>>> print(open('upload31.cif').read())   # mmCIF, C-alpha atoms
data_run
loop_
_atom_site.label_atom_id
_atom_site.label_comp_id
_atom_site.auth_asym_id
_atom_site.auth_seq_id
_atom_site.Cartn_x
_atom_site.Cartn_y
_atom_site.Cartn_z
CA MET A 161 6.11 -47.22 -32.61
CA ARG A 162 3.96 -46.27 -35.61
CA LEU A 163 1.01 -45.57 -33.25
CA LYS A 164 3.18 -43.29 -31.13
CA PHE A 165 4.40 -41.44 -34.21
CA SER A 166 0.81 -41.00 -35.47
CA PHE A 167 -0.26 -39.59 -32.10
CA ILE A 168 2.60 -37.05 -32.12
CA LYS A 169 1.74 -36.15 -35.71
CA LEU A 170 -1.89 -35.62 -34.74
CA ILE A 171 -0.88 -33.35 -31.85
CA ILE A 172 1.32 -31.28 -34.16
CA ILE A 173 -1.55 -30.92 -36.64
CA TYR A 174 -3.92 -29.77 -33.86
CA ILE A 175 -1.35 -27.24 -32.64
CA LEU A 176 -0.86 -25.86 -36.14
CA ILE A 177 -4.63 -25.60 -36.68
CA PHE A 178 -5.08 -23.81 -33.35
CA ALA A 179 -2.10 -21.48 -34.01
CA SER A 180 -3.42 -20.62 -37.49
CA PHE A 181 -6.92 -19.93 -36.18
CA ASP A 182 -5.48 -17.89 -33.28
CA PHE A 183 -3.22 -15.88 -35.60
CA PHE A 184 -5.95 -14.93 -38.09
CA PHE A 185 -9.18 -15.01 -36.07
CA GLY A 186 -8.13 -14.97 -32.40
CA ASN A 187 -9.02 -11.33 -31.67
CA ILE A 188 -12.39 -11.62 -33.45
CA PHE A 189 -13.27 -14.78 -31.52
CA LEU A 190 -12.15 -13.30 -28.15
CA ASN A 191 -14.14 -10.09 -28.69
CA LEU A 192 -17.22 -12.18 -29.43
CA LEU A 193 -16.74 -14.10 -26.16
CA TYR A 194 -16.32 -10.79 -24.27
CA GLU A 195 -19.45 -9.30 -25.85
CA LYS A 196 -21.52 -12.38 -24.95
CA ASN A 197 -20.07 -12.31 -21.39
CA TYR A 198 -18.73 -15.85 -21.76
CA LEU A 199 -15.31 -14.45 -20.76
CA ILE A 200 -14.31 -11.49 -18.60
CA ASN A 201 -11.93 -9.05 -20.27
CA HIS A 202 -9.53 -8.65 -17.33
CA GLU A 203 -7.18 -6.49 -19.35
CA LYS A 204 -9.96 -4.02 -20.14
CA GLN A 205 -11.02 -4.01 -16.47
CA LEU A 206 -7.45 -3.34 -15.35
CA LYS A 207 -7.09 -0.46 -17.82
CA ALA A 208 -10.34 1.03 -16.50
CA VAL A 209 -9.01 0.81 -12.93
CA GLN A 210 -5.76 2.48 -13.98
CA GLU A 211 -7.54 5.29 -15.79
CA ASN A 212 -9.77 5.87 -12.77
CA GLU A 213 -6.77 5.92 -10.39
CA LYS A 214 -5.06 8.54 -12.55
CA LYS A 215 -8.06 10.82 -12.05
CA PHE A 216 -7.55 11.13 -8.29
CA ARG A 217 -3.97 10.01 -7.58
CA ILE A 218 -2.23 13.10 -8.85
CA LYS A 219 1.23 14.64 -8.85
CA ASN A 220 2.18 17.46 -6.50
CA ASP A 221 4.95 19.98 -7.09
CA TYR A 222 6.05 20.05 -3.44
CA PHE A 223 5.40 16.59 -1.94
CA HIS A 224 5.49 14.41 -5.09
CA HIS A 225 1.95 12.93 -5.16
CA THR A 226 -1.34 13.26 -3.38
CA LEU A 227 -5.10 12.68 -3.65
CA LYS A 228 -7.36 15.05 -5.57
CA LYS A 229 -9.70 17.34 -3.61
CA ASN A 230 -13.40 16.58 -3.12
CA ILE A 231 -13.53 13.19 -4.84
CA ASN A 232 -16.18 10.53 -4.38
CA THR A 233 -15.29 7.50 -6.45
CA PHE A 234 -14.07 3.92 -6.23
CA ALA A 235 -10.55 2.57 -5.94
CA GLN A 236 -9.09 -0.89 -6.32
CA TRP A 237 -6.12 -2.58 -4.69
CA GLY A 238 -5.61 -6.01 -6.22
CA PRO A 239 -8.94 -7.80 -5.80
CA PHE A 240 -10.17 -5.32 -3.18
CA LYS A 241 -12.57 -2.70 -4.52
CA TYR A 242 -13.68 0.12 -2.21
CA SER A 243 -15.04 3.67 -2.20
CA ILE A 244 -12.72 6.61 -1.66
CA CYS A 245 -13.64 10.19 -0.75
CA THR A 246 -11.55 13.23 0.09
CA ASP A 247 -12.21 16.59 1.71
CA GLU A 248 -11.45 20.10 0.46
CA TYR A 249 -7.71 19.52 0.99
CA GLY A 250 -7.48 16.11 -0.68
CA PHE A 251 -7.32 14.21 2.64
CA ARG A 252 -9.13 10.87 2.72
CA ASP A 253 -12.32 11.13 4.75
CA ILE A 254 -15.67 9.46 5.41
CA CYS A 255 -17.89 10.10 2.40
CA ASP A 256 -20.31 13.00 3.06
CA ASN A 257 -18.73 13.56 6.47
CA ARG A 258 -20.58 16.40 8.19
CA ILE A 259 -19.00 15.92 11.62
CA LYS A 260 -17.09 19.08 12.52
CA HIS A 261 -15.28 19.76 15.77
CA LYS A 262 -13.34 22.72 17.09
CA ASP A 263 -9.84 21.17 17.10
CA ASN A 264 -7.76 19.14 14.64
CA ILE A 265 -5.33 16.26 14.94
CA ILE A 266 -3.08 15.36 12.00
CA LEU A 267 -2.29 11.80 10.95
CA ILE A 268 0.24 10.92 8.31
CA GLY A 269 1.71 7.68 6.98
CA ASP A 270 1.60 5.68 3.79
CA SER A 271 -0.85 3.14 2.35
CA PHE A 272 -1.52 1.56 5.77
CA THR A 273 -2.73 4.87 7.20
CA GLU A 274 -4.54 5.86 4.00
CA GLY A 275 -6.42 2.59 4.55
CA ILE A 276 -5.87 0.99 1.18
CA GLY A 277 -8.23 -1.84 0.22
CA LEU A 278 -10.96 -0.93 2.74
CA GLU A 279 -13.92 1.37 3.18
CA TYR A 280 -12.68 4.29 5.27
CA GLU A 281 -15.02 3.54 8.18
CA LYS A 282 -13.26 0.17 8.54
CA THR A 283 -9.79 1.71 8.98
CA PHE A 284 -8.31 2.94 12.25
CA ALA A 285 -8.22 6.49 10.85
CA GLY A 286 -11.91 6.28 9.88
CA MET A 287 -12.76 4.87 13.31
CA MET A 288 -10.95 7.81 14.90
CA THR A 289 -12.98 10.21 12.73
CA LYS A 290 -16.25 8.56 13.79
CA ASN A 291 -15.50 8.16 17.50
CA TRP A 292 -13.12 10.91 18.61
CA LYS A 293 -14.47 14.37 19.33
CA ILE A 294 -11.84 16.04 17.19
CA ASN A 295 -11.33 16.57 13.44
CA VAL A 296 -8.95 13.87 12.20
CA LYS A 297 -6.99 15.19 9.23
CA ASN A 298 -5.54 12.16 7.46
CA LEU A 299 -2.72 13.33 5.18
CA ALA A 300 -1.55 9.77 4.43
CA VAL A 301 -1.20 8.51 0.86
CA VAL A 302 0.26 5.36 -0.66
CA SER A 303 4.09 5.30 -0.96
CA TYR A 304 4.81 8.19 1.38
CA SER A 305 7.92 8.20 3.59
CA PRO A 306 9.54 10.66 6.08
CA ILE A 307 10.74 13.13 3.43
CA ILE A 308 7.11 13.54 2.28
CA TYR A 309 5.70 13.45 5.84
CA LYS A 310 7.89 16.46 6.62
CA ASN A 311 7.14 18.42 3.45
CA LYS A 312 3.39 17.79 3.42
CA ILE A 313 2.85 18.68 7.10
CA LYS A 314 4.89 21.87 6.73
CA PHE A 315 2.98 22.77 3.56
CA TYR A 316 -0.47 22.53 5.16
CA LEU A 317 0.51 24.14 8.45
CA GLU A 318 1.88 27.09 6.46
CA LYS A 319 -1.43 27.12 4.56
CA GLY A 320 -3.23 27.71 7.84
CA ILE A 321 -4.42 24.32 9.10
CA LYS A 322 -4.34 24.38 12.89
CA THR A 323 -3.40 21.43 15.07
CA SER A 324 -2.01 20.69 18.51
CA HIS A 325 -0.80 17.17 17.72
CA VAL A 326 0.72 15.22 14.81
CA ILE A 327 0.84 11.41 14.75
CA VAL A 328 3.25 9.83 12.25
CA PHE A 329 2.66 6.15 11.45
CA LEU A 330 6.08 4.99 10.28
CA ASP A 331 5.92 2.06 7.90
CA ILE A 332 8.43 -0.76 7.41
CA SER A 333 8.76 0.23 3.72
CA ASP A 334 9.75 3.81 4.60
CA ILE A 335 13.43 2.86 4.75
CA ASP A 336 13.29 1.49 1.22
CA ASP A 337 11.27 4.44 -0.11
CA GLU A 338 13.55 7.05 1.46
CA ASN A 339 16.32 5.88 -0.87
CA ASN A 340 14.07 6.56 -3.85
CA TYR A 341 13.06 10.12 -2.91
CA PHE A 342 15.26 13.23 -2.84
CA HIS A 343 14.92 17.00 -2.49
CA CYS A 344 15.01 18.92 -5.76
CA GLY A 345 14.40 22.43 -7.07
CA GLU A 346 14.65 25.80 -5.38
CA ASN A 347 11.65 25.18 -3.09
CA ASN A 348 13.01 21.85 -1.78
CA SER A 349 10.34 19.80 -3.53
CA VAL A 350 10.31 16.01 -3.35
CA CYS A 351 11.29 14.14 -6.50
CA ALA A 352 11.75 10.40 -7.10
CA LYS A 353 14.65 8.58 -8.72
CA SER A 354 12.15 6.37 -10.52
CA ASP A 355 8.40 5.95 -10.90
CA ASN A 356 8.59 2.33 -9.72
CA LEU A 357 6.67 3.04 -6.51
CA GLU A 358 3.89 1.13 -4.80
CA TYR A 359 1.09 3.36 -6.05
CA LYS A 360 2.08 2.51 -9.64
CA GLU A 361 1.95 -1.25 -9.10
CA LEU A 362 -1.04 -1.84 -11.41
CA LYS A 363 0.43 -2.81 -14.76
CA VAL A 364 -1.24 -3.94 -17.95
CA GLU A 365 0.76 -6.47 -19.92
CA LYS A 366 1.43 -5.60 -23.53
CA GLN A 367 -1.14 -7.30 -25.77
CA ASN A 368 0.25 -10.12 -27.88
CA GLU A 369 -1.63 -9.29 -31.09
CA ASN A 370 -0.47 -12.36 -33.00
CA PHE A 371 -1.74 -15.12 -30.68
CA PRO A 372 -4.41 -13.59 -28.37
CA LEU A 373 -6.22 -16.89 -27.64
CA TYR A 374 -2.99 -18.50 -26.45
CA LYS A 375 -2.34 -15.52 -24.18
CA GLU A 376 -5.88 -15.68 -22.77
CA ILE A 377 -5.59 -19.40 -22.02
CA LYS A 378 -2.28 -18.75 -20.23
CA LYS A 379 -3.94 -16.07 -18.09
CA ILE A 380 -6.88 -18.33 -17.20
CA PHE A 381 -4.49 -21.12 -16.25
CA LYS A 382 -2.38 -18.73 -14.15
CA LYS A 383 -5.42 -17.35 -12.30
CA THR A 384 -6.70 -20.87 -11.64
CA LYS A 385 -3.29 -21.92 -10.34
CA ARG A 386 -3.11 -18.88 -8.06
CA LYS A 387 -6.39 -19.92 -6.39
CA PHE A 388 -4.77 -23.16 -5.27
CA PHE A 389 -1.18 -21.94 -4.96
CA PRO A 390 -1.24 -18.22 -4.05
CA LYS A 391 1.87 -16.19 -4.73
CA LYS A 392 3.24 -15.38 -1.28
CA HIS A 393 6.67 -13.88 -2.02
CA ILE A 394 5.73 -11.01 0.31
CA TYR A 395 5.97 -13.45 3.22
CA GLU A 396 9.40 -14.79 2.29
CA LYS A 397 12.33 -14.05 4.57
CA ASP A 398 14.33 -12.18 1.92
CA PHE A 399 11.48 -9.93 0.71
CA LYS A 400 13.31 -6.66 0.07
CA ARG A 401 10.66 -4.25 1.35
CA SER A 402 10.49 -5.75 4.84
CA SER A 403 13.59 -7.85 5.50
CA TRP A 404 15.81 -4.94 6.56
CA THR A 405 14.50 -5.10 10.16
CA TYR A 406 16.04 -8.52 10.83
CA ILE A 407 19.07 -8.72 8.53
CA GLU A 408 22.43 -7.05 8.98
CA ASN A 409 22.57 -3.44 7.79
CA ASP A 410 24.28 -2.79 4.48
CA LYS A 411 25.10 0.58 2.91
CA ILE A 412 21.65 0.94 1.34
CA ILE A 413 19.80 0.13 4.57
CA GLU A 414 22.01 2.52 6.56
CA GLU A 415 21.36 5.27 4.04
CA GLY A 416 17.59 4.75 4.26
CA ILE A 417 17.66 4.76 8.06
CA ASN A 418 19.80 7.90 8.23
CA LYS A 419 17.62 9.78 5.73
CA SER A 420 14.49 8.79 7.65
CA LEU A 421 15.96 9.94 10.96
CA SER A 422 17.18 13.21 9.44
CA ASN A 423 13.80 14.08 7.89
CA MET A 424 11.89 13.10 11.04
CA ASN A 425 14.24 15.23 13.13
CA GLU A 426 13.63 18.22 10.84
CA LEU A 427 9.89 17.64 11.25
CA TYR A 428 10.27 17.45 15.04
CA GLU A 429 12.25 20.74 15.17
CA TYR A 430 9.67 22.45 12.95
CA LEU A 431 6.74 21.27 15.10
CA LYS A 432 8.60 22.19 18.29
CA LYS A 433 8.92 25.81 17.15
CA LYS A 434 5.18 25.88 16.57
CA LYS A 435 4.49 24.20 19.95
CA ILE A 436 2.86 21.21 18.27
CA SER A 437 3.23 17.78 19.90
CA LEU A 438 4.58 14.79 17.96
CA SER A 439 3.73 11.12 18.45
CA ILE A 440 5.16 8.21 16.47
CA ALA A 441 3.55 4.81 15.83
CA VAL A 442 5.24 1.65 14.51
CA TYR A 443 3.61 -1.63 13.48
CA PRO A 444 4.69 -4.95 11.92
CA TRP A 445 4.23 -6.33 8.45
CA PRO A 446 3.55 -10.06 8.05
CA GLY A 447 7.29 -10.47 7.43
CA GLN A 448 8.04 -9.16 10.92
CA ILE A 449 5.54 -11.55 12.51
CA LEU A 450 7.07 -14.49 10.62
CA HIS A 451 10.79 -13.68 10.81
CA ASP A 452 11.45 -10.87 13.28
CA LYS A 453 11.18 -10.42 17.04
CA LYS A 454 9.00 -8.18 19.20
CA ASN A 455 11.87 -5.80 19.94
CA SER A 456 12.47 -5.27 16.22
CA LYS A 457 15.08 -2.95 14.73
CA GLN A 458 12.13 -0.76 13.67
CA VAL A 459 11.02 -0.52 17.30
CA LYS A 460 14.55 0.20 18.62
CA ILE A 461 15.28 2.95 16.09
CA TRP A 462 12.09 4.93 16.70
CA ARG A 463 11.93 4.35 20.45
CA LYS A 464 15.39 5.87 20.70
CA PHE A 465 14.37 8.75 18.42
CA CYS A 466 11.32 9.42 20.59
CA ASP A 467 13.36 9.89 23.77
CA GLU A 468 12.60 13.50 24.81
CA LYS A 469 11.00 14.23 21.41
CA CYS A 470 7.65 12.43 21.32
CA THR A 471 4.59 12.85 23.46
CA ASN A 472 3.79 9.18 22.75
CA PHE A 473 5.80 6.33 21.29
CA ILE A 474 3.06 3.97 20.06
CA ASN A 475 4.61 0.53 19.73
CA LEU A 476 2.03 -1.72 18.06
CA PHE A 477 4.36 -4.73 17.69
CA PRO A 478 3.34 -6.29 21.06
CA LEU A 479 -0.33 -6.24 19.99
CA PHE A 480 0.41 -8.94 17.45
CA TYR A 481 3.36 -10.70 19.10
CA GLU A 482 1.41 -11.37 22.29
CA GLU A 483 -0.62 -13.95 20.36
CA ILE A 484 2.39 -15.90 19.04
CA PRO A 485 2.90 -18.26 22.03
CA ASN A 486 -0.60 -19.68 21.60
CA ARG A 487 -1.14 -19.50 17.85
CA ASP A 488 0.49 -20.31 14.54
CA ARG A 489 2.06 -17.17 13.04
CA MET A 490 0.25 -17.59 9.72
CA GLU A 491 -3.06 -17.79 11.59
CA ILE A 492 -2.31 -14.38 13.09
CA ILE A 493 -1.51 -12.99 9.65
CA ASP A 494 -4.69 -14.48 8.15
CA GLN A 495 -6.77 -12.87 10.92
CA TYR A 496 -5.34 -9.34 10.77
CA TYR A 497 -4.07 -8.77 7.22
CA LEU A 498 -5.72 -8.68 3.79
CA LYS A 499 -5.44 -12.02 2.03
CA ASN A 500 -2.06 -12.46 0.32
CA ASP A 501 -1.19 -8.85 1.13
CA VAL A 502 0.87 -6.88 3.67
CA HIS A 503 -1.88 -4.39 4.62
CA PHE A 504 -4.23 -4.71 7.57
CA ASN A 505 -7.80 -5.91 7.13
CA GLU A 506 -10.72 -4.61 9.19
CA SER A 507 -9.77 -6.78 12.19
CA GLY A 508 -6.20 -5.42 12.11
CA HIS A 509 -7.41 -1.82 11.91
CA THR A 510 -9.87 -2.41 14.76
CA LYS A 511 -7.11 -3.89 16.91
CA ILE A 512 -4.95 -0.80 16.29
CA PHE A 513 -7.81 1.63 16.92
CA ASN A 514 -8.57 0.00 20.27
CA LYS A 515 -4.93 0.45 21.28
CA LEU A 516 -4.87 4.09 20.14
CA ASN A 517 -7.81 4.75 22.45
CA SER A 518 -5.51 4.18 25.43
CA PHE A 519 -3.32 7.18 24.53
CA ASN A 520 -3.94 10.85 25.19
CA PHE A 521 -3.66 12.98 22.04
CA TYR A 522 -5.93 15.94 22.81
#
>>> encode(input="upload31.cif", output="structure tokens")
Amino acid sequence: MRLKFSFIKLIIIYILIFASFDFFFGNIFLNLLYEKNYLINHEKQLKAVQENEKKFRIKNDYFHHTLKKNINTFAQWGPFKYSICTDEYGFRDICDNRIKHKDNIILIGDSFTEGIGLEYEKTFAGMMTKNWKINVKNLAVVSYSPIIYKNKIKFYLEKGIKTSHVIVFLDISDIDDENNYFHCGENNSVCAKSDNLEYKELKVEKQNENFPLYKEIKKIFKKTKRKFFPKKHIYEKDFKRSSWTYIENDKIIEEGINKSLSNMNELYEYLKKKKISLSIAVYPWPGQILHDKKNSKQVKIWRKFCDEKCTNFINLFPLFYEEIPNRDRMEIIDQYYLKNDVHFNESGHTKIFNKLNSFNFY
């Protein structure tokens, strides 16, 4: 009993010594470890990424946010670091792209179509730019949805960009995002109810100034744990951003669907007056592959919309579902999506590009 009490007493003494050292000298000791490169200052790295993102992910008075014109820099999505370049309009493009053709085709979507996490040449939009004999104008940016698709396309067509065809890649998250955006101001600009959108996901935790060593040890332990037990809430059946396609509609889902349909119909009517063709593409998230069916609610909604409105309805769900009978669903996700993420990897983008080649857009 006395031995047990002595051991507990010793532990308490060690904790008090560590806490005292951490309180008074923790920051000095950590900075020394950072300077000697014995430890990586992840917080400093994350702040640098954030500051860099703010330089080229900028606000827009009409369609909420966009990419800065003529940039050539790096971007980071989670652990994925990649180069990002834009043209004279702020559309993502192949860096130093000198390929110019007579005609244009417009793409728009959100982070999937922007090609987040990958070099542009490894995305389906970049592959189109390299291989199709037409200028591919990629207007897509992270966290866009139909209200922005409509406003941004109208804005640039009124500015004089010519096209004969627009392809909208409708994302699973669009229904959720539509409930966050609304029209505001005299010029029908797009505003957001909150800034809690996907492109603002990078967050730096507030520094605990009193016990920095303790905080650093917690972070190291958490990162080590994540290597063995990755956080995969994005694959769970009730994940809010993707689950709406296979659960019963509630008021919020209905509102998002109706807003999306209304904005896409306005876009269709606008393009029709200008004699510009519209095509729509839909594709699954990992959540759809795990929990949904091939004839998803997403597919049904936009196939019905496309009746007599779209030149092409590009249903990309079968591309991935056709492999399910012979493979484990997580194997399919591991092959075509970024690790522990919902976005496509190079294999996923290549699979989509090969399918797009079978359609006639120009």
>>> resolve_selection(input="upload31.cif", expression="the PyMOL selection byres ((chain A and resi 290) around 12)", output="compact mmCIF listing (two decimals) with C-alpha atoms, in the frame of the given file")
# COMPACT_ATOMS: atom_id res chain seq x y z
CA ASP A 253 -12.32 11.13 4.75
CA ILE A 254 -15.67 9.46 5.41
CA CYS A 255 -17.89 10.10 2.40
CA ASN A 257 -18.73 13.56 6.47
CA ARG A 258 -20.58 16.40 8.19
CA ILE A 259 -19.00 15.92 11.62
CA LYS A 260 -17.09 19.08 12.52
CA HIS A 261 -15.28 19.76 15.77
CA TYR A 280 -12.68 4.29 5.27
CA GLU A 281 -15.02 3.54 8.18
CA LYS A 282 -13.26 0.17 8.54
CA THR A 283 -9.79 1.71 8.98
CA PHE A 284 -8.31 2.94 12.25
CA ALA A 285 -8.22 6.49 10.85
CA GLY A 286 -11.91 6.28 9.88
CA MET A 287 -12.76 4.87 13.31
CA MET A 288 -10.95 7.81 14.90
CA THR A 289 -12.98 10.21 12.73
CA ASN A 291 -15.50 8.16 17.50
CA TRP A 292 -13.12 10.91 18.61
CA LYS A 293 -14.47 14.37 19.33
CA ILE A 294 -11.84 16.04 17.19
CA ASN A 295 -11.33 16.57 13.44
CA VAL A 296 -8.95 13.87 12.20
CA PHE A 513 -7.81 1.63 16.92
>>> residues_near_point(input="upload31.cif", point="(1.6, 7.9, 17.7)", cutoff="8 Å", atoms="all atoms listed in the file", output="PDB file with C-alpha atoms, keeping the file's coordinate frame")
ATOM      1  CA  VAL A 326       0.720  15.220  14.810  1.00  0.00           C
ATOM      2  CA  ILE A 327       0.840  11.410  14.750  1.00  0.00           C
ATOM      3  CA  VAL A 328       3.250   9.830  12.250  1.00  0.00           C
ATOM      4  CA  PHE A 329       2.660   6.150  11.450  1.00  0.00           C
ATOM      5  CA  LEU A 438       4.580  14.790  17.960  1.00  0.00           C
ATOM      6  CA  SER A 439       3.730  11.120  18.450  1.00  0.00           C
ATOM      7  CA  ILE A 440       5.160   8.210  16.470  1.00  0.00           C
ATOM      8  CA  ALA A 441       3.550   4.810  15.830  1.00  0.00           C
ATOM      9  CA  VAL A 442       5.240   1.650  14.510  1.00  0.00           C
ATOM     10  CA  ASN A 472       3.790   9.180  22.750  1.00  0.00           C
ATOM     11  CA  PHE A 473       5.800   6.330  21.290  1.00  0.00           C
ATOM     12  CA  ILE A 474       3.060   3.970  20.060  1.00  0.00           C
ATOM     13  CA  LEU A 516      -4.870   4.090  20.140  1.00  0.00           C
TER      14      LEU A 516
END
>>> atom_distance(input="upload31.cif", atom1="atom CA of A:Ile461", atom2="atom CA of A:Lys322")
29.2 Å
>>> closest_residue(input="upload31.cif", among="A:Lys434, A:Glu279, A:Asp331, A:Ser271", to="A:Val459", atoms="all atoms listed in the file")
A:Asp331
>>> closest_residue(input="upload31.cif", among="A:Asn409, A:Ser324, A:Asn264, A:Ser420", to="A:Lys297", atoms="only C-alpha atoms")
A:Asn264
>>> resolve_selection(input="upload31.cif", expression="the PyMOL selection byres ((chain A and resi 469) around 10)", output="short mmCIF file (atom, residue, chain, number, x, y, z; two decimals) with C-alpha atoms, keeping the file's coordinate frame")
data_model
loop_
_atom_site.label_atom_id
_atom_site.label_comp_id
_atom_site.auth_asym_id
_atom_site.auth_seq_id
_atom_site.Cartn_x
_atom_site.Cartn_y
_atom_site.Cartn_z
CA ASN A 425 14.24 15.23 13.13
CA TYR A 428 10.27 17.45 15.04
CA GLU A 429 12.25 20.74 15.17
CA LYS A 432 8.60 22.19 18.29
CA SER A 437 3.23 17.78 19.90
CA LEU A 438 4.58 14.79 17.96
CA SER A 439 3.73 11.12 18.45
CA ILE A 440 5.16 8.21 16.47
CA ARG A 463 11.93 4.35 20.45
CA LYS A 464 15.39 5.87 20.70
CA PHE A 465 14.37 8.75 18.42
CA CYS A 466 11.32 9.42 20.59
CA ASP A 467 13.36 9.89 23.77
CA GLU A 468 12.60 13.50 24.81
CA CYS A 470 7.65 12.43 21.32
CA THR A 471 4.59 12.85 23.46
CA ASN A 472 3.79 9.18 22.75
CA PHE A 473 5.80 6.33 21.29
#
>>> resolve_selection(input="upload31.cif", expression="the PyMOL selection byres ((chain A and resi 481) around 12)", output="ChimeraX atom specification")
/A:443-446,448-456,475-480,482-489,492-493
>>> residues_around(input="upload31.cif", residues="stretch 232-240 of chain A", least_positions_apart="3", cutoff="8 Å", atoms="all atoms listed in the file", output="JSON, numbers by chain")
{"A": [209, 212, 213, 243, 244, 245, 246, 255, 276, 277, 278]}
>>> closest_residue(input="upload31.cif", among="A:Tyr430, A:Tyr304, A:Phe315, A:Phe183", to="A:Thr273", atoms="all atoms listed in the file")
A:Tyr304
>>> atom_distance(input="upload31.cif", atom1="atom CA of A:Arg401", atom2="atom CA of A:Ser333")
5.4 Å
>>> atom_distance(input="upload31.cif", atom1="atom CA of A:Tyr341", atom2="atom CA of A:Asp410")
18.6 Å
>>> residues_around(input="upload31.cif", residues="A:His393", least_positions_apart="4", cutoff="10 Å", atoms="all atoms listed in the file", output="JSON, numbers by chain")
{"A": [397, 398, 399, 500, 501]}
